[in-house]
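Source file: upload.tsv (TSV, N, CA and C atoms)
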chain	number	residue	atom	x	y	z
A	1	MET	N	-15.52	10.41	-6.83
A	1	MET	CA	-14.28	10.32	-7.60
A	1	MET	C	-13.38	9.25	-6.98
A	2	ALA	N	-12.81	8.42	-7.82
A	2	ALA	CA	-11.96	7.33	-7.35
A	2	ALA	C	-10.64	7.88	-6.80
A	3	THR	N	-10.11	7.19	-5.83
A	3	THR	CA	-8.84	7.55	-5.23
A	3	THR	C	-7.71	7.00	-6.10
A	4	LYS	N	-6.82	7.88	-6.55
A	4	LYS	CA	-5.71	7.46	-7.41
A	4	LYS	C	-4.56	6.95	-6.55
A	5	ILE	N	-4.10	5.75	-6.88
A	5	ILE	CA	-2.98	5.13	-6.16
A	5	ILE	C	-1.79	5.06	-7.10
A	6	THR	N	-0.67	5.59	-6.64
A	6	THR	CA	0.57	5.53	-7.42
A	6	THR	C	1.42	4.35	-6.96
A	7	LYS	N	2.41	4.03	-7.75
A	7	LYS	CA	3.36	2.98	-7.37
A	7	LYS	C	4.01	3.33	-6.03
A	8	GLU	N	4.32	4.61	-5.84
A	8	GLU	CA	4.95	5.06	-4.60
A	8	GLU	C	4.02	4.87	-3.40
A	9	ASP	N	2.71	5.12	-3.61
A	9	ASP	CA	1.73	4.90	-2.55
A	9	ASP	C	1.72	3.43	-2.14
A	10	PHE	N	1.68	2.56	-3.14
A	10	PHE	CA	1.64	1.13	-2.87
A	10	PHE	C	2.92	0.68	-2.16
A	11	GLN	N	4.06	1.21	-2.58
A	11	GLN	CA	5.33	0.88	-1.94
A	11	GLN	C	5.34	1.34	-0.48
A	12	ALA	N	4.77	2.52	-0.21
A	12	ALA	CA	4.71	3.02	1.18
A	12	ALA	C	3.85	2.08	2.03
A	13	TYR	N	2.74	1.60	1.47
A	13	TYR	CA	1.88	0.65	2.16
A	13	TYR	C	2.64	-0.65	2.44
A	14	LEU	N	3.34	-1.17	1.42
A	14	LEU	CA	4.10	-2.41	1.58
A	14	LEU	C	5.21	-2.26	2.62
A	15	LYS	N	5.83	-1.11	2.67
A	15	LYS	CA	6.90	-0.88	3.64
A	15	LYS	C	6.38	-1.05	5.06
A	16	VAL	N	5.20	-0.50	5.33
A	16	VAL	CA	4.60	-0.65	6.66
A	16	VAL	C	4.21	-2.10	6.88
A	17	GLN	N	3.59	-2.71	5.88
A	17	GLN	CA	3.16	-4.11	5.99
A	17	GLN	C	4.35	-5.02	6.29
A	18	ASN	N	5.43	-4.83	5.58
A	18	ASN	CA	6.61	-5.69	5.73
A	18	ASN	C	7.38	-5.41	7.01
A	19	SER	N	7.18	-4.23	7.59
A	19	SER	CA	7.90	-3.89	8.82
A	19	SER	C	7.37	-4.66	10.02
A	20	GLY	N	6.09	-5.05	9.96
A	20	GLY	CA	5.48	-5.77	11.07
A	20	GLY	C	5.22	-4.91	12.30
A	21	LYS	N	5.31	-3.59	12.14
A	21	LYS	CA	5.16	-2.67	13.28
A	21	LYS	C	3.73	-2.51	13.77
A	22	THR	N	2.77	-2.81	12.92
A	22	THR	CA	1.37	-2.60	13.31
A	22	THR	C	0.47	-3.57	12.58
A	23	ASN	N	-0.70	-3.78	13.14
A	23	ASN	CA	-1.76	-4.51	12.47
A	23	ASN	C	-2.26	-3.61	11.35
A	24	MET	N	-2.33	-4.11	10.14
A	24	MET	CA	-2.71	-3.28	9.00
A	24	MET	C	-4.16	-2.81	9.06
A	25	PHE	N	-4.97	-3.39	9.95
A	25	PHE	CA	-6.34	-2.92	10.12
A	25	PHE	C	-6.41	-1.76	11.12
A	26	ASP	N	-5.29	-1.42	11.77
A	26	ASP	CA	-5.22	-0.26	12.66
A	26	ASP	C	-4.87	0.94	11.79
A	27	LEU	N	-5.90	1.50	11.17
A	27	LEU	CA	-5.70	2.55	10.17
A	27	LEU	C	-4.97	3.77	10.72
A	28	ARG	N	-5.21	4.14	11.97
A	28	ARG	CA	-4.52	5.31	12.53
A	28	ARG	C	-3.01	5.11	12.51
A	29	ASN	N	-2.55	3.93	12.89
A	29	ASN	CA	-1.11	3.66	12.86
A	29	ASN	C	-0.57	3.57	11.44
A	30	VAL	N	-1.33	2.97	10.56
A	30	VAL	CA	-0.88	2.85	9.17
A	30	VAL	C	-0.77	4.24	8.54
A	31	VAL	N	-1.70	5.12	8.85
A	31	VAL	CA	-1.64	6.51	8.36
A	31	VAL	C	-0.35	7.16	8.86
A	32	LYS	N	-0.08	7.03	10.16
A	32	LYS	CA	1.13	7.63	10.74
A	32	LYS	C	2.40	7.08	10.13
A	33	LEU	N	2.48	5.78	10.00
A	33	LEU	CA	3.70	5.13	9.54
A	33	LEU	C	3.94	5.26	8.04
A	34	SER	N	2.88	5.33	7.26
A	34	SER	CA	3.02	5.36	5.81
A	34	SER	C	2.99	6.76	5.22
A	35	GLY	N	2.32	7.68	5.91
A	35	GLY	CA	2.13	9.01	5.35
A	35	GLY	C	0.99	9.07	4.35
A	36	LEU	N	0.28	7.96	4.18
A	36	LEU	CA	-0.85	7.90	3.25
A	36	LEU	C	-2.13	8.32	3.94
A	37	SER	N	-3.09	8.80	3.17
A	37	SER	CA	-4.39	9.15	3.73
A	37	SER	C	-5.18	7.87	4.02
A	38	ARG	N	-6.16	8.00	4.88
A	38	ARG	CA	-7.04	6.88	5.21
A	38	ARG	C	-7.72	6.34	3.94
A	39	GLU	N	-8.12	7.25	3.07
A	39	GLU	CA	-8.80	6.87	1.83
A	39	GLU	C	-7.89	6.04	0.93
A	40	LYS	N	-6.61	6.45	0.82
A	40	LYS	CA	-5.68	5.69	-0.01
A	40	LYS	C	-5.42	4.30	0.58
A	41	ILE	N	-5.29	4.23	1.89
A	41	ILE	CA	-5.07	2.93	2.54
A	41	ILE	C	-6.24	2.01	2.30
A	42	LEU	N	-7.45	2.52	2.47
A	42	LEU	CA	-8.64	1.69	2.23
A	42	LEU	C	-8.74	1.25	0.78
A	43	GLU	N	-8.38	2.14	-0.15
A	43	GLU	CA	-8.38	1.78	-1.57
A	43	GLU	C	-7.37	0.65	-1.84
A	44	ILE	N	-6.18	0.76	-1.26
A	44	ILE	CA	-5.17	-0.30	-1.44
A	44	ILE	C	-5.65	-1.60	-0.83
A	45	MET	N	-6.22	-1.54	0.36
A	45	MET	CA	-6.71	-2.76	1.01
A	45	MET	C	-7.81	-3.42	0.20
A	46	THR	N	-8.70	-2.63	-0.34
A	46	THR	CA	-9.83	-3.15	-1.11
A	46	THR	C	-9.38	-3.79	-2.42
A	47	ASN	N	-8.38	-3.20	-3.05
A	47	ASN	CA	-7.95	-3.65	-4.37
A	47	ASN	C	-6.50	-4.13	-4.37
A	48	TYR	N	-6.09	-4.72	-3.25
A	48	TYR	CA	-4.69	-5.14	-3.07
A	48	TYR	C	-4.19	-6.04	-4.20
A	49	ARG	N	-4.97	-7.03	-4.58
A	49	ARG	CA	-4.54	-7.96	-5.63
A	49	ARG	C	-4.26	-7.25	-6.95
A	50	MET	N	-5.12	-6.29	-7.29
A	50	MET	CA	-4.95	-5.56	-8.54
A	50	MET	C	-3.64	-4.77	-8.52
A	51	TYR	N	-3.37	-4.08	-7.39
A	51	TYR	CA	-2.14	-3.29	-7.30
A	51	TYR	C	-0.91	-4.19	-7.25
A	52	LYS	N	-1.02	-5.31	-6.57
A	52	LYS	CA	0.09	-6.26	-6.50
A	52	LYS	C	0.41	-6.78	-7.89
A	53	LYS	N	-0.63	-7.08	-8.66
A	53	LYS	CA	-0.42	-7.58	-10.02
A	53	LYS	C	0.16	-6.48	-10.91
A	54	ARG	N	-0.32	-5.25	-10.74
A	54	ARG	CA	0.15	-4.12	-11.55
A	54	ARG	C	1.63	-3.85	-11.30
A	55	TRP	N	2.01	-3.85	-10.03
A	55	TRP	CA	3.39	-3.60	-9.64
A	55	TRP	C	3.89	-4.85	-8.94
A	56	GLU	N	4.23	-5.85	-9.75
A	56	GLU	CA	4.64	-7.15	-9.24
A	56	GLU	C	5.61	-7.00	-8.08
A	57	VAL	N	5.31	-7.67	-6.98
A	57	VAL	CA	6.12	-7.55	-5.78
A	57	VAL	C	7.26	-8.56	-5.82
A	58	VAL	N	8.46	-8.05	-5.66
A	58	VAL	CA	9.65	-8.89	-5.61
A	58	VAL	C	10.38	-8.50	-4.33
A	59	GLY	N	10.31	-9.36	-3.32
A	59	GLY	CA	10.92	-9.02	-2.02
A	59	GLY	C	10.24	-7.80	-1.45
A	60	HIS	N	11.01	-6.77	-1.12
A	60	HIS	CA	10.45	-5.53	-0.59
A	60	HIS	C	10.35	-4.46	-1.66
A	61	GLU	N	10.71	-4.79	-2.88
A	61	GLU	CA	10.68	-3.84	-3.98
A	61	GLU	C	9.47	-4.15	-4.88
A	62	ALA	N	8.94	-3.13	-5.47
A	62	ALA	CA	7.87	-3.32	-6.46
A	62	ALA	C	8.40	-2.81	-7.80
A	63	LYS	N	8.18	-3.60	-8.83
A	63	LYS	CA	8.63	-3.14	-10.15
A	63	LYS	C	7.43	-3.11	-11.09
A	64	THR	N	7.46	-2.21	-12.03
A	64	THR	CA	6.34	-2.03	-12.95
A	64	THR	C	6.35	-3.15	-13.97
A	65	ARG	N	5.17	-3.72	-14.19
A	65	ARG	CA	5.02	-4.73	-15.23
A	65	ARG	C	5.02	-4.03	-16.58
A	66	GLN	N	5.64	-4.63	-17.54
A	66	GLN	CA	5.70	-4.07	-18.89
A	66	GLN	C	4.48	-4.44	-19.67
Just dump the structure as structure tokens.
Amino acid sequence: MATKITKEDFQAYLKVQNSGKTNMFDLRNVVKLSGLSREKILEIMTNYRMYKKRWEVVGHEAKTRQ
């Protein structure tokens, strides 16, 4: 079963990414800092472009494309 990613999940990932607090490949830290599961983080990393396009990134905010 595919892992469902919400806009909020993607925003939590971006918040950690933009903070610069950890290497995004250090999954243990990303899990701690984002509150996301390892599976969700890997799904976002694998399909980052798709999620970025779906929720166009503007600065630190993500807005839904119409």
Please return as a PyMOL selection string: the residues of chain A that backbone DSSP assigns to helix (DSSP H, G or I).
chain A and resi 7-19+27-34+38-46+48-54
So the first atom is CA of Ser34 in chain A and the second is CA of Asn47 in chain A; what is the distance between them in Å, to one decimal place?
17.5 Å
From the list A:Thr3, A:Glu56, A:Lys15, A:Glu8, which residue is nearest Leu33 in chain A when using all atoms listed in the file?
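Checking each candidate against Leu33 in chain A, we get A:Lys15 as the closest.
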Tyr13 in chain A: which residues within 8 Å, counting all atoms listed in the file, same-chain residues fewer than 3 positions away excluded, as number ranges by chain?
A: 7-10, 16-19, 30, 33-36, 41, 44
Between CA of Lys40 in chain A and CA of Ile5 in chain A, distance in Å (one decimal):
6.7 Å
Please report the interatomic distance between CA of Lys32 in chain A and CA of Gly20 in chain A in Å with one decimal.
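Value for the CA of Lys32 in chain A-CA of Gly20 in chain A distance: 14.1 Å.
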So, with only C-alpha atoms as the atoms that count, which of A:Lys52, A:Leu42, A:Ser37, A:Ala2 lies closest to Leu14 in chain A?
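The answer is A:Lys52, which sits nearest to Leu14 in chain A.
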